[in-house]
$ cat structure-v1.txt   # compact mmCIF, C-alpha atoms and all ligand atoms
# COMPACT_ATOMS: atom_id res chain seq x y z
CA MET L 19 -234.04 69.39 -66.30
CA ARG L 20 -233.00 67.32 -63.25
CA ALA L 21 -236.00 65.02 -63.66
CA LEU L 22 -235.23 64.68 -67.36
CA MET L 23 -231.61 63.77 -66.67
CA THR L 24 -232.71 61.14 -64.12
CA ARG L 25 -235.10 59.65 -66.70
CA ILE L 26 -232.26 59.45 -69.23
CA GLU L 27 -229.96 57.77 -66.66
CA GLN L 28 -232.64 55.13 -66.01
CA ASN L 29 -233.86 54.64 -69.59
CA ALA L 30 -232.88 51.08 -70.50
CA LYS L 31 -234.29 51.56 -74.03
CA LEU L 32 -231.20 53.60 -74.86
CA ASP L 33 -229.06 50.50 -74.30
CA ARG L 34 -229.98 48.91 -77.64
CA ILE L 35 -228.43 51.77 -79.55
CA GLY L 36 -225.74 52.30 -76.90
CA ASP L 37 -224.56 48.68 -76.91
CA ARG L 38 -224.30 48.64 -80.72
CA LEU L 39 -222.43 51.92 -80.80
CA GLN L 40 -220.11 50.74 -78.02
CA ARG L 41 -219.21 47.62 -80.02
CA ALA L 42 -218.64 49.75 -83.13
CA VAL L 43 -216.37 52.20 -81.25
CA GLN L 44 -214.41 49.42 -79.55
CA GLY L 45 -214.08 47.57 -82.88
CA THR L 46 -212.83 50.70 -84.63
CA LEU L 47 -210.51 52.13 -81.96
CA ARG L 48 -208.68 48.89 -81.24
CA GLY L 49 -205.05 49.86 -80.71
CA GLN L 50 -204.05 50.43 -77.09
CA ARG L 51 -201.82 53.36 -78.11
CA VAL L 52 -204.62 55.09 -79.98
CA ARG L 53 -207.07 54.58 -77.11
CA ASP L 54 -204.53 55.83 -74.55
CA LEU L 55 -203.79 58.87 -76.71
CA LEU L 56 -207.49 59.73 -76.98
CA HIS L 57 -208.20 59.08 -73.27
CA GLY L 58 -205.45 61.57 -72.35
CA VAL L 59 -203.22 59.03 -70.54
CA TRP L 60 -200.15 60.99 -71.73
CA LEU L 61 -201.68 64.16 -70.26
CA GLY L 62 -202.76 62.71 -66.90
CA HIS L 63 -206.23 64.21 -67.52
CA PRO L 64 -209.11 63.46 -69.89
CA LEU L 65 -208.35 64.85 -73.37
CA HIS L 66 -211.94 65.29 -74.59
CA PRO L 67 -212.87 68.25 -72.32
CA ALA L 68 -209.67 70.06 -73.36
CA MET L 69 -210.31 69.46 -77.07
CA VAL L 70 -213.87 70.79 -77.01
CA GLN L 71 -212.55 74.22 -75.98
CA VAL L 72 -211.59 74.86 -79.63
CA PRO L 73 -214.98 74.29 -81.33
CA VAL L 74 -216.93 75.86 -78.46
CA GLY L 75 -214.67 78.94 -78.42
CA ALA L 76 -214.76 79.29 -82.23
CA TRP L 77 -218.54 78.86 -82.46
CA ILE L 78 -219.31 81.33 -79.65
CA SER L 79 -216.91 83.87 -81.19
CA ALA L 80 -218.60 83.39 -84.58
CA ALA L 81 -221.99 83.98 -82.93
CA VAL L 82 -220.74 87.34 -81.64
CA LEU L 83 -219.22 88.32 -85.01
CA ASP L 84 -222.49 87.42 -86.75
CA LEU L 85 -224.09 90.28 -84.79
CA LEU L 86 -221.54 92.82 -86.06
CA PRO L 87 -221.40 94.42 -89.51
CA GLY L 88 -218.57 93.60 -91.95
CA GLN L 89 -217.46 90.41 -90.18
CA ARG L 90 -218.72 87.76 -92.62
CA ARG L 91 -215.32 86.39 -93.58
CA ALA L 92 -214.10 86.25 -89.99
CA ALA L 93 -217.31 84.55 -88.83
CA THR L 94 -217.10 82.01 -91.68
CA THR L 95 -213.47 81.25 -90.76
CA LEU L 96 -214.44 80.63 -87.13
CA VAL L 97 -217.39 78.43 -88.11
CA ALA L 98 -215.01 76.40 -90.30
CA LEU L 99 -212.45 76.12 -87.47
CA GLY L 100 -215.12 75.01 -85.00
CA THR L 101 -216.62 72.48 -87.40
CA VAL L 102 -213.29 70.89 -88.33
CA SER L 103 -211.96 70.80 -84.75
CA ALA L 104 -215.19 69.26 -83.43
CA VAL L 105 -214.47 66.01 -85.28
CA PRO L 106 -211.33 64.89 -83.35
CA ALA L 107 -212.95 66.14 -80.12
CA ALA L 108 -215.93 63.88 -80.86
CA VAL L 109 -213.65 60.90 -81.55
CA ALA L 110 -211.91 61.41 -78.17
CA GLY L 111 -215.32 61.69 -76.51
CA LEU L 112 -216.56 58.46 -78.12
CA ASN L 113 -213.43 56.66 -76.95
CA ASP L 114 -214.13 57.78 -73.35
CA TRP L 115 -217.83 57.02 -73.69
CA ALA L 116 -217.23 53.39 -74.72
CA ALA L 117 -215.54 52.71 -71.34
CA LEU L 118 -218.22 54.29 -69.14
CA ALA L 119 -220.70 52.55 -66.84
CA ARG L 120 -224.13 51.80 -68.29
CA ASP L 121 -226.04 54.71 -66.70
CA GLN L 122 -223.27 57.07 -67.79
CA ARG L 123 -223.36 55.69 -71.33
CA ARG L 124 -227.10 56.45 -71.56
CA VAL L 125 -226.52 60.09 -70.69
CA GLY L 126 -223.40 60.16 -72.86
CA LEU L 127 -225.44 58.92 -75.81
CA VAL L 128 -227.83 61.87 -75.53
CA HIS L 129 -224.83 64.21 -75.05
CA ALA L 130 -223.30 62.84 -78.26
CA ALA L 131 -226.62 63.07 -80.15
CA SER L 132 -227.06 66.76 -79.20
CA ASN L 133 -223.53 67.56 -80.27
CA THR L 134 -223.92 65.62 -83.52
CA VAL L 135 -227.01 67.68 -84.36
CA GLY L 136 -225.02 70.82 -83.48
CA LEU L 137 -222.12 69.73 -85.68
CA ALA L 138 -224.44 68.93 -88.62
CA LEU L 139 -226.10 72.36 -88.29
CA TYR L 140 -222.69 74.06 -88.26
CA ALA L 141 -221.60 72.05 -91.32
CA GLY L 142 -224.79 73.27 -93.05
CA SER L 143 -224.04 76.82 -91.90
CA LEU L 144 -220.54 76.62 -93.35
CA ALA L 145 -221.83 75.30 -96.68
CA ALA L 146 -224.44 78.09 -96.84
CA ARG L 147 -221.87 80.80 -96.05
CA LEU L 148 -219.44 79.46 -98.66
CA ASN L 149 -222.29 79.65 -101.20
CA GLY L 150 -222.98 83.29 -100.31
CA ARG L 151 -226.18 82.57 -98.31
CA HIS L 152 -225.04 84.31 -95.16
CA GLY L 153 -228.53 84.79 -93.69
CA THR L 154 -229.16 81.03 -93.82
CA GLY L 155 -225.63 80.43 -92.50
CA ARG L 156 -226.29 82.66 -89.50
CA ALA L 157 -229.63 81.01 -88.72
CA LEU L 158 -228.16 77.50 -88.92
CA ALA L 159 -225.22 78.55 -86.73
CA TYR L 160 -227.53 79.86 -83.98
CA LEU L 161 -229.51 76.61 -84.11
CA GLY L 162 -226.20 74.70 -83.97
CA LEU L 163 -225.09 76.71 -80.95
CA SER L 164 -228.35 75.89 -79.18
CA ALA L 165 -227.87 72.15 -79.82
CA ALA L 166 -224.21 72.27 -78.77
CA SER L 167 -225.18 74.19 -75.59
CA MET L 168 -227.67 71.46 -74.73
CA GLY L 169 -224.88 68.94 -75.35
CA ALA L 170 -222.60 70.91 -73.02
CA TYR L 171 -225.24 70.91 -70.26
CA ILE L 172 -225.64 67.15 -70.55
CA GLY L 173 -221.84 66.76 -70.60
CA GLY L 174 -221.67 68.75 -67.37
CA HIS L 175 -224.19 66.37 -65.79
CA LEU L 176 -222.13 63.42 -66.99
CA ALA L 177 -218.91 64.75 -65.48
CA TYR L 178 -220.04 66.52 -62.31
CA LYS L 179 -223.08 64.53 -61.23
CA GLN L 180 -222.21 61.09 -62.57
CA GLY L 181 -218.43 61.43 -62.22
CA ALA L 182 -217.53 60.21 -65.73
CA GLN L 183 -213.73 60.26 -66.23
CA VAL L 184 -213.32 61.95 -62.84
CA SER L 185 -210.94 60.23 -60.41
CA GLN L 186 -213.07 57.93 -58.23
CA SER L 187 -210.30 57.37 -55.71
CA ILE L 188 -209.12 60.80 -54.70
CA SER L 189 -212.11 61.53 -52.42
CA GLU L 190 -210.87 58.63 -50.26
CA LEU L 191 -208.16 60.97 -49.00
CA HIS L 192 -210.81 63.11 -47.29
CA ARG L 193 -211.50 60.21 -44.92
CA MET L 194 -207.88 59.89 -43.80
CA SER L 195 -206.23 61.74 -40.94
CA ASP L 196 -202.91 63.47 -41.58
CA GLU L 197 -201.12 61.65 -38.73
CA TRP L 198 -198.58 58.88 -39.43
CA GLN L 199 -200.27 55.51 -38.97
CA ALA L 200 -198.89 51.97 -38.83
CA VAL L 201 -199.88 49.75 -41.77
CA ALA L 202 -197.63 46.69 -41.51
CA ASP L 203 -194.46 45.19 -40.04
CA LEU L 204 -191.93 45.58 -42.83
CA ALA L 205 -190.45 42.13 -42.17
CA THR L 206 -193.82 40.44 -42.78
CA LEU L 207 -194.38 41.98 -46.21
CA PRO L 208 -193.67 39.63 -49.13
CA GLN L 209 -191.48 40.83 -51.99
CA ARG L 210 -193.18 41.93 -55.22
CA GLN L 211 -196.70 40.96 -54.21
CA LEU L 212 -199.75 43.10 -53.67
CA VAL L 213 -201.02 43.22 -50.09
CA THR L 214 -204.23 45.00 -49.09
CA ARG L 215 -204.58 46.92 -45.82
CA GLU L 216 -206.98 49.46 -44.28
CA VAL L 217 -205.99 52.92 -43.08
CA ASP L 218 -208.87 54.85 -41.45
CA ASP L 219 -211.28 52.49 -43.29
CA VAL L 220 -209.62 53.44 -46.57
CA SER L 221 -208.33 50.46 -48.48
CA VAL L 222 -204.71 50.72 -49.67
CA ILE L 223 -202.35 48.36 -51.47
CA LEU L 224 -198.78 47.74 -50.41
CA TYR L 225 -196.07 46.61 -52.83
CA ARG L 226 -192.60 45.82 -51.52
CA HIS L 227 -189.54 45.89 -53.74
CA GLY L 228 -186.39 45.37 -51.66
CA ASP L 229 -186.76 47.73 -48.72
CA ASP L 230 -188.89 50.17 -50.73
CA VAL L 231 -192.62 49.89 -50.19
CA THR L 232 -195.29 51.63 -52.24
CA VAL L 233 -198.55 52.46 -50.50
CA MET L 234 -201.26 53.29 -53.03
CA LEU L 235 -205.02 53.82 -52.75
CA GLU L 236 -206.74 50.58 -53.72
CA ARG L 237 -209.85 52.01 -55.37
CA CYS L 238 -209.21 52.38 -59.11
CA PRO L 239 -209.61 56.01 -60.24
CA HIS L 240 -211.57 54.86 -63.31
CA GLN L 241 -214.62 53.19 -61.78
CA SER L 242 -213.55 52.06 -58.33
CA GLY L 243 -212.25 48.61 -59.31
CA PRO L 244 -210.26 46.72 -56.63
CA LEU L 245 -206.60 47.20 -57.59
CA GLY L 246 -205.64 44.79 -54.79
CA GLU L 247 -207.13 42.00 -56.93
CA GLY L 248 -205.20 43.13 -59.99
CA GLU L 249 -202.03 41.74 -61.50
CA VAL L 250 -198.55 43.18 -61.28
CA GLN L 251 -197.03 43.48 -64.77
CA GLU L 252 -193.80 44.92 -66.09
CA ILE L 253 -194.74 47.68 -68.55
CA ASP L 254 -192.03 49.81 -70.23
CA GLY L 255 -189.55 48.63 -67.59
CA HIS L 256 -191.74 49.58 -64.62
CA ALA L 257 -193.73 47.36 -62.27
CA CYS L 258 -197.39 48.32 -62.73
CA VAL L 259 -200.65 47.20 -61.16
CA VAL L 260 -203.33 46.36 -63.74
CA CYS L 261 -206.96 46.87 -62.71
CA PRO L 262 -208.99 43.64 -62.93
CA TRP L 263 -212.10 45.44 -64.21
CA HIS L 264 -211.08 47.32 -67.38
CA GLY L 265 -207.31 47.01 -67.52
CA SER L 266 -206.09 50.48 -66.52
CA ALA L 267 -202.43 50.22 -65.45
CA PHE L 268 -200.63 52.37 -62.90
CA ARG L 269 -196.92 52.53 -62.14
CA LEU L 270 -196.19 51.21 -58.66
CA ASN L 271 -193.27 53.58 -58.22
CA GLY L 272 -195.22 56.79 -58.75
CA GLY L 273 -198.88 56.09 -59.51
CA GLU L 274 -198.75 57.43 -63.09
CA VAL L 275 -201.35 55.89 -65.37
CA VAL L 276 -199.68 54.06 -68.28
CA HIS L 277 -202.77 52.52 -69.90
CA GLY L 278 -206.39 53.68 -69.85
CA PRO L 279 -209.34 53.80 -69.81
CA SER L 280 -208.44 55.78 -66.68
CA PRO L 281 -206.99 59.11 -67.76
CA ASN L 282 -206.08 59.88 -64.13
CA ASP L 283 -203.04 58.83 -62.10
CA GLN L 284 -203.48 56.84 -58.92
CA GLN L 285 -202.61 58.41 -55.56
CA ILE L 286 -199.47 57.21 -53.79
CA LEU L 287 -199.18 57.82 -50.03
CA PRO L 288 -195.94 58.84 -48.26
CA THR L 289 -194.21 56.17 -46.17
CA ARG L 290 -191.62 55.83 -43.43
CA VAL L 291 -190.34 52.94 -41.34
CA VAL L 292 -190.09 53.37 -37.56
CA ASP L 293 -188.72 50.45 -35.50
CA GLY L 294 -189.46 48.07 -38.38
CA VAL L 295 -193.07 49.27 -38.71
CA LEU L 296 -194.22 50.74 -42.03
CA GLN L 297 -196.21 53.91 -41.55
CA THR L 298 -198.22 56.07 -43.94
CA LYS L 299 -200.19 59.29 -43.88
CA LEU L 300 -201.97 61.78 -46.09
CA PRO L 301 -199.76 63.21 -48.86
S1 LIG S 401 -212.36 50.30 -62.73
FE1 LIG S 401 -212.09 50.53 -64.88
S2 LIG S 401 -210.00 50.24 -65.15
FE2 LIG S 401 -210.25 50.07 -63.05
$ encode --input "structure-v1.txt" --output "structure tokens"
Amino acid sequence: MRALMTRIEQNAKLDRIGDRLQRAVQGTLRGQRVRDLLHGVWLGHPLHPAMVQVPVGAWISAAVLDLLPGQRRAATTLVALGTVSAVPAAVAGLNDWAALARDQRRVGLVHAASNTVGLALYAGSLAARLNGRHGTGRALAYLGLSAASMGAYIGGHLAYKQGAQVSQSISELHRMSDEWQAVADLATLPQRQLVTREVDDVSVILYRHGDDVTVMLERCPHQSGPLGEGEVQEIDGHACVVCPWHGSAFRLNGGEVVHGPSPNDQQILPTRVVDGVLQTKLP
């Protein structure tokens, strides 16, 4: 399986379909609010993995009930619940997929294809059950569960091996010591401008507003873009840094993500001023 996943990651032939589908998804899901909603910006975590709990739970429960006598109605209800709830989960997944890196999109395409086959088989199972053909319904459901399980395996590879929609910045903290360290003389910091500094070889951005200074990790949690090269914009009354790569925006007074594609907040570091020197450390 590992060799297969590596071949999928490196298979440039998938890009023809992937690029077309990406344009279609981006053309369809145009509104920033809709995209943010589906990314899970409001939640501070990706929404797609949370939404798939419903169809997966319903389909596995239906598979168990299909083994028991007298449970046809209950199993049909769960197959219907899983099939209906899989649609919005798929839309959220497509929205995330369209903002992934190329190698991640290749794997994500196969993940989506497996789950689409699974969904089609479950839709067929539901239709068969509603027409009284419960044997066919059961068979199609088990095939659908197999396809969805393959999709889940590939989704696991996408998240845990390739780091899709996982914060790319938080591991930077593991390279920092937990001692207070000097980062700048407060008097030399310009007002309302981004300044980049290094702390233990970890790049951070400083943003001064009056005598308050935010120290934030520079690496964008989405795909490691350089936030220090981003713009500061006022969004909903808060100064935010906007990533130059894909436009994720993070509040400078707390690190909360306000616009995706990043579903994750950015890490702010604690600060203190000693003898006019700004210091920071691990949270
Ligand atoms: S790297 Fe994609 S938004 Fe920052």
$ closest_residue --input "structure-v1.txt" --among "L:Val222, L:Leu39, L:Val275, L:Ala81" --to "ligand LIG 401 (chain S)" --atoms "only C-alpha atoms and all ligand atoms"
L:Val275
$ axis_aligned_box --input "structure-v1.txt" --around "ligand LIG 401 (chain S)" --padding-each-side "3 Å" --output "AutoDock Vina command-line options"
--center_x -211.2 --center_y 50.3 --center_z -63.9 --size_x 8.4 --size_y 6.5 --size_z 8.4
$ closest_residue --input "structure-v1.txt" --among "L:Ser189, L:Gln183, L:Gln241, L:Gln40" --to "ligand LIG 401 (chain S)" --atoms "all atoms listed in the file"
L:Gln241
$ residues_near_ligand --input "structure-v1.txt" --ligand "ligand LIG 401 (chain S)" --cutoff "12 Å" --atoms "all atoms listed in the file" --output "ChimeraX atom specification"
/L:114,116-119,182-187,236-249,259-268,275-284
$ closest_residue --input "structure-v1.txt" --among "L:Gln122, L:Gln71, L:Asn149, L:Thr154" --to "Met23 (chain L)" --atoms "only C-alpha atoms"
L:Gln122
$ closest_residue --input "structure-v1.txt" --among "L:Thr232, L:Thr298, L:Ser132, L:Gln28" --to "Gly273 (chain L)" --atoms "all atoms listed in the file"
L:Thr232
$ residues_around --input "structure-v1.txt" --residues "region 104-110 of chain L" --least-positions-apart "5" --cutoff "6 Å" --atoms "all atoms listed in the file" --output "PDB file with C-alpha atoms, in the coordinates of the input"
ATOM      1  CA  LEU L  56    -207.490  59.730 -76.980  1.00  0.00           C
ATOM      2  CA  HIS L  66    -211.940  65.290 -74.590  1.00  0.00           C
ATOM      3  CA  MET L  69    -210.310  69.460 -77.070  1.00  0.00           C
ATOM      4  CA  VAL L  70    -213.870  70.790 -77.010  1.00  0.00           C
ATOM      5  CA  PRO L  73    -214.980  74.290 -81.330  1.00  0.00           C
TER       6      PRO L  73
END
$ closest_residue --input "structure-v1.txt" --among "L:Gly100, L:Gly272, L:Gly150, L:Gly58" --to "Gly75 (chain L)" --atoms "all atoms listed in the file"
L:Gly100
$ closest_residue --input "structure-v1.txt" --among "L:Leu207, L:Cys258, L:Leu212, L:Val295" --to "Asn271 (chain L)" --atoms "all atoms listed in the file"
L:Cys258
$ residues_around --input "structure-v1.txt" --residues "region 170-180 of chain L" --least-positions-apart "3" --cutoff "10 Å" --atoms "only C-alpha atoms" --output "PDB file with C-alpha atoms, in the frame of the given file"
ATOM      1  CA  MET L  19    -234.040  69.390 -66.300  1.00  0.00           C
ATOM      2  CA  ARG L  20    -233.000  67.320 -63.250  1.00  0.00           C
ATOM      3  CA  MET L  23    -231.610  63.770 -66.670  1.00  0.00           C
ATOM      4  CA  GLU L  27    -229.960  57.770 -66.660  1.00  0.00           C
ATOM      5  CA  PRO L  67    -212.870  68.250 -72.320  1.00  0.00           C
ATOM      6  CA  VAL L  70    -213.870  70.790 -77.010  1.00  0.00           C
ATOM      7  CA  VAL L  74    -216.930  75.860 -78.460  1.00  0.00           C
ATOM      8  CA  ALA L 119    -220.700  52.550 -66.840  1.00  0.00           C
ATOM      9  CA  ASP L 121    -226.040  54.710 -66.700  1.00  0.00           C
ATOM     10  CA  GLN L 122    -223.270  57.070 -67.790  1.00  0.00           C
ATOM     11  CA  ARG L 123    -223.360  55.690 -71.330  1.00  0.00           C
ATOM     12  CA  ARG L 124    -227.100  56.450 -71.560  1.00  0.00           C
ATOM     13  CA  VAL L 125    -226.520  60.090 -70.690  1.00  0.00           C
ATOM     14  CA  GLY L 126    -223.400  60.160 -72.860  1.00  0.00           C
ATOM     15  CA  LEU L 127    -225.440  58.920 -75.810  1.00  0.00           C
ATOM     16  CA  VAL L 128    -227.830  61.870 -75.530  1.00  0.00           C
ATOM     17  CA  HIS L 129    -224.830  64.210 -75.050  1.00  0.00           C
ATOM     18  CA  ALA L 130    -223.300  62.840 -78.260  1.00  0.00           C
ATOM     19  CA  SER L 132    -227.060  66.760 -79.200  1.00  0.00           C
ATOM     20  CA  ASN L 133    -223.530  67.560 -80.270  1.00  0.00           C
ATOM     21  CA  SER L 164    -228.350  75.890 -79.180  1.00  0.00           C
ATOM     22  CA  ALA L 165    -227.870  72.150 -79.820  1.00  0.00           C
ATOM     23  CA  ALA L 166    -224.210  72.270 -78.770  1.00  0.00           C
ATOM     24  CA  SER L 167    -225.180  74.190 -75.590  1.00  0.00           C
ATOM     25  CA  GLN L 183    -213.730  60.260 -66.230  1.00  0.00           C
ATOM     26  CA  VAL L 184    -213.320  61.950 -62.840  1.00  0.00           C
TER      27      VAL L 184
END
$ atom_distance --input "structure-v1.txt" --atom1 "CA of Leu148 (chain L)" --atom2 "CA of Trp77 (chain L)"
16.2 Å
$ atom_distance --input "structure-v1.txt" --atom1 "CA of Arg90 (chain L)" --atom2 "CA of Val135 (chain L)"
23.2 Å
$ residues_around --input "structure-v1.txt" --residues "Ala138 (chain L)" --least-positions-apart "4" --cutoff "9 Å" --atoms "only C-alpha atoms" --output "list in words"
Thr101, Asn133, Thr134, Gly142, Ser143 and Gly162 of chain L
$ atom_distance --input "structure-v1.txt" --atom1 "CA of Leu96 (chain L)" --atom2 "CA of Leu83 (chain L)"
9.3 Å
$ residues_around --input "structure-v1.txt" --residues "Met234 (chain L)" --least-positions-apart "4" --cutoff "6 Å" --atoms "only C-alpha atoms" --output "JSON, numbers by chain"
{"L": [222, 223, 285, 286, 287]}
$ residues_around --input "structure-v1.txt" --residues "region 289-294 of chain L" --least-positions-apart "3" --cutoff "12 Å" --atoms "all atoms listed in the file" --output "list in words"
Glu197, Trp198, Gln199, Ala200, Val201, Ala202, Asp203, Leu204, Ala205, Thr206, Leu207, Leu224, Tyr225, Arg226, Asp229, Asp230, Val231, Thr232, Val233, Met234, Ile286, Gln297, Thr298, Lys299, Leu300 and Pro301 of chain L
$ build_atoms --input "structure-v1.txt" --residues "region 66-90 of chain L" --atoms "N, CA and C atoms" --output "PDB file, keeping the file's coordinate frame"
ATOM      1  N   HIS L  66    -210.724  64.779 -73.939  1.00  0.00           N
ATOM      2  CA  HIS L  66    -211.940  65.290 -74.590  1.00  0.00           C
ATOM      3  C   HIS L  66    -212.355  66.682 -74.090  1.00  0.00           C
ATOM      4  N   PRO L  67    -212.435  66.919 -72.759  1.00  0.00           N
ATOM      5  CA  PRO L  67    -212.870  68.250 -72.320  1.00  0.00           C
ATOM      6  C   PRO L  67    -211.914  69.366 -72.770  1.00  0.00           C
ATOM      7  N   ALA L  68    -210.621  69.037 -72.891  1.00  0.00           N
ATOM      8  CA  ALA L  68    -209.670  70.060 -73.360  1.00  0.00           C
ATOM      9  C   ALA L  68    -209.890  70.335 -74.843  1.00  0.00           C
ATOM     10  N   MET L  69    -210.152  69.280 -75.624  1.00  0.00           N
ATOM     11  CA  MET L  69    -210.310  69.460 -77.070  1.00  0.00           C
ATOM     12  C   MET L  69    -211.570  70.242 -77.437  1.00  0.00           C
ATOM     13  N   VAL L  70    -212.622  70.106 -76.634  1.00  0.00           N
ATOM     14  CA  VAL L  70    -213.870  70.790 -77.010  1.00  0.00           C
ATOM     15  C   VAL L  70    -213.757  72.306 -76.822  1.00  0.00           C
ATOM     16  N   GLN L  71    -212.701  72.761 -76.146  1.00  0.00           N
ATOM     17  CA  GLN L  71    -212.550  74.220 -75.980  1.00  0.00           C
ATOM     18  C   GLN L  71    -212.441  74.897 -77.341  1.00  0.00           C
ATOM     19  N   VAL L  72    -211.819  74.220 -78.326  1.00  0.00           N
ATOM     20  CA  VAL L  72    -211.590  74.860 -79.630  1.00  0.00           C
ATOM     21  C   VAL L  72    -212.908  75.086 -80.377  1.00  0.00           C
ATOM     22  N   PRO L  73    -213.717  74.014 -80.625  1.00  0.00           N
ATOM     23  CA  PRO L  73    -214.980  74.290 -81.330  1.00  0.00           C
ATOM     24  C   PRO L  73    -215.918  75.213 -80.551  1.00  0.00           C
ATOM     25  N   VAL L  74    -216.005  75.014 -79.240  1.00  0.00           N
ATOM     26  CA  VAL L  74    -216.930  75.860 -78.460  1.00  0.00           C
ATOM     27  C   VAL L  74    -216.484  77.321 -78.540  1.00  0.00           C
ATOM     28  N   GLY L  75    -215.181  77.565 -78.362  1.00  0.00           N
ATOM     29  CA  GLY L  75    -214.670  78.940 -78.420  1.00  0.00           C
ATOM     30  C   GLY L  75    -214.890  79.555 -79.801  1.00  0.00           C
ATOM     31  N   ALA L  76    -214.614  78.765 -80.856  1.00  0.00           N
ATOM     32  CA  ALA L  76    -214.760  79.290 -82.230  1.00  0.00           C
ATOM     33  C   ALA L  76    -216.235  79.579 -82.531  1.00  0.00           C
ATOM     34  N   TRP L  77    -217.119  78.682 -82.130  1.00  0.00           N
ATOM     35  CA  TRP L  77    -218.540  78.860 -82.460  1.00  0.00           C
ATOM     36  C   TRP L  77    -219.139  80.037 -81.690  1.00  0.00           C
ATOM     37  N   ILE L  78    -218.774  80.199 -80.411  1.00  0.00           N
ATOM     38  CA  ILE L  78    -219.310  81.330 -79.650  1.00  0.00           C
ATOM     39  C   ILE L  78    -218.769  82.643 -80.226  1.00  0.00           C
ATOM     40  N   SER L  79    -217.490  82.653 -80.595  1.00  0.00           N
ATOM     41  CA  SER L  79    -216.910  83.870 -81.190  1.00  0.00           C
ATOM     42  C   SER L  79    -217.613  84.194 -82.506  1.00  0.00           C
ATOM     43  N   ALA L  80    -217.901  83.164 -83.308  1.00  0.00           N
ATOM     44  CA  ALA L  80    -218.600  83.390 -84.580  1.00  0.00           C
ATOM     45  C   ALA L  80    -219.998  83.955 -84.329  1.00  0.00           C
ATOM     46  N   ALA L  81    -220.640  83.480 -83.252  1.00  0.00           N
ATOM     47  CA  ALA L  81    -221.990  83.980 -82.930  1.00  0.00           C
ATOM     48  C   ALA L  81    -221.941  85.471 -82.616  1.00  0.00           C
ATOM     49  N   VAL L  82    -220.881  85.911 -81.956  1.00  0.00           N
ATOM     50  CA  VAL L  82    -220.740  87.340 -81.640  1.00  0.00           C
ATOM     51  C   VAL L  82    -220.472  88.128 -82.927  1.00  0.00           C
ATOM     52  N   LEU L  83    -219.558  87.610 -83.763  1.00  0.00           N
ATOM     53  CA  LEU L  83    -219.220  88.320 -85.010  1.00  0.00           C
ATOM     54  C   LEU L  83    -220.419  88.412 -85.948  1.00  0.00           C
ATOM     55  N   ASP L  84    -221.302  87.394 -85.887  1.00  0.00           N
ATOM     56  CA  ASP L  84    -222.490  87.420 -86.750  1.00  0.00           C
ATOM     57  C   ASP L  84    -223.425  88.579 -86.392  1.00  0.00           C
ATOM     58  N   LEU L  85    -223.243  89.141 -85.200  1.00  0.00           N
ATOM     59  CA  LEU L  85    -224.090  90.280 -84.790  1.00  0.00           C
ATOM     60  C   LEU L  85    -223.495  91.605 -85.234  1.00  0.00           C
ATOM     61  N   LEU L  86    -222.241  91.576 -85.709  1.00  0.00           N
ATOM     62  CA  LEU L  86    -221.540  92.820 -86.060  1.00  0.00           C
ATOM     63  C   LEU L  86    -221.480  92.986 -87.578  1.00  0.00           C
ATOM     64  N   PRO L  87    -221.489  94.209 -88.070  1.00  0.00           N
ATOM     65  CA  PRO L  87    -221.400  94.420 -89.510  1.00  0.00           C
ATOM     66  C   PRO L  87    -219.985  94.188 -90.032  1.00  0.00           C
ATOM     67  N   GLY L  88    -219.879  93.726 -91.283  1.00  0.00           N
ATOM     68  CA  GLY L  88    -218.570  93.600 -91.950  1.00  0.00           C
ATOM     69  C   GLY L  88    -217.692  92.485 -91.439  1.00  0.00           C
ATOM     70  N   GLN L  89    -218.281  91.482 -90.778  1.00  0.00           N
ATOM     71  CA  GLN L  89    -217.460  90.410 -90.180  1.00  0.00           C
ATOM     72  C   GLN L  89    -217.753  89.036 -90.805  1.00  0.00           C
ATOM     73  N   ARG L  90    -218.311  89.043 -92.049  1.00  0.00           N
ATOM     74  CA  ARG L  90    -218.720  87.760 -92.620  1.00  0.00           C
ATOM     75  C   ARG L  90    -217.564  86.789 -92.783  1.00  0.00           C
TER      76      ARG L  90
END
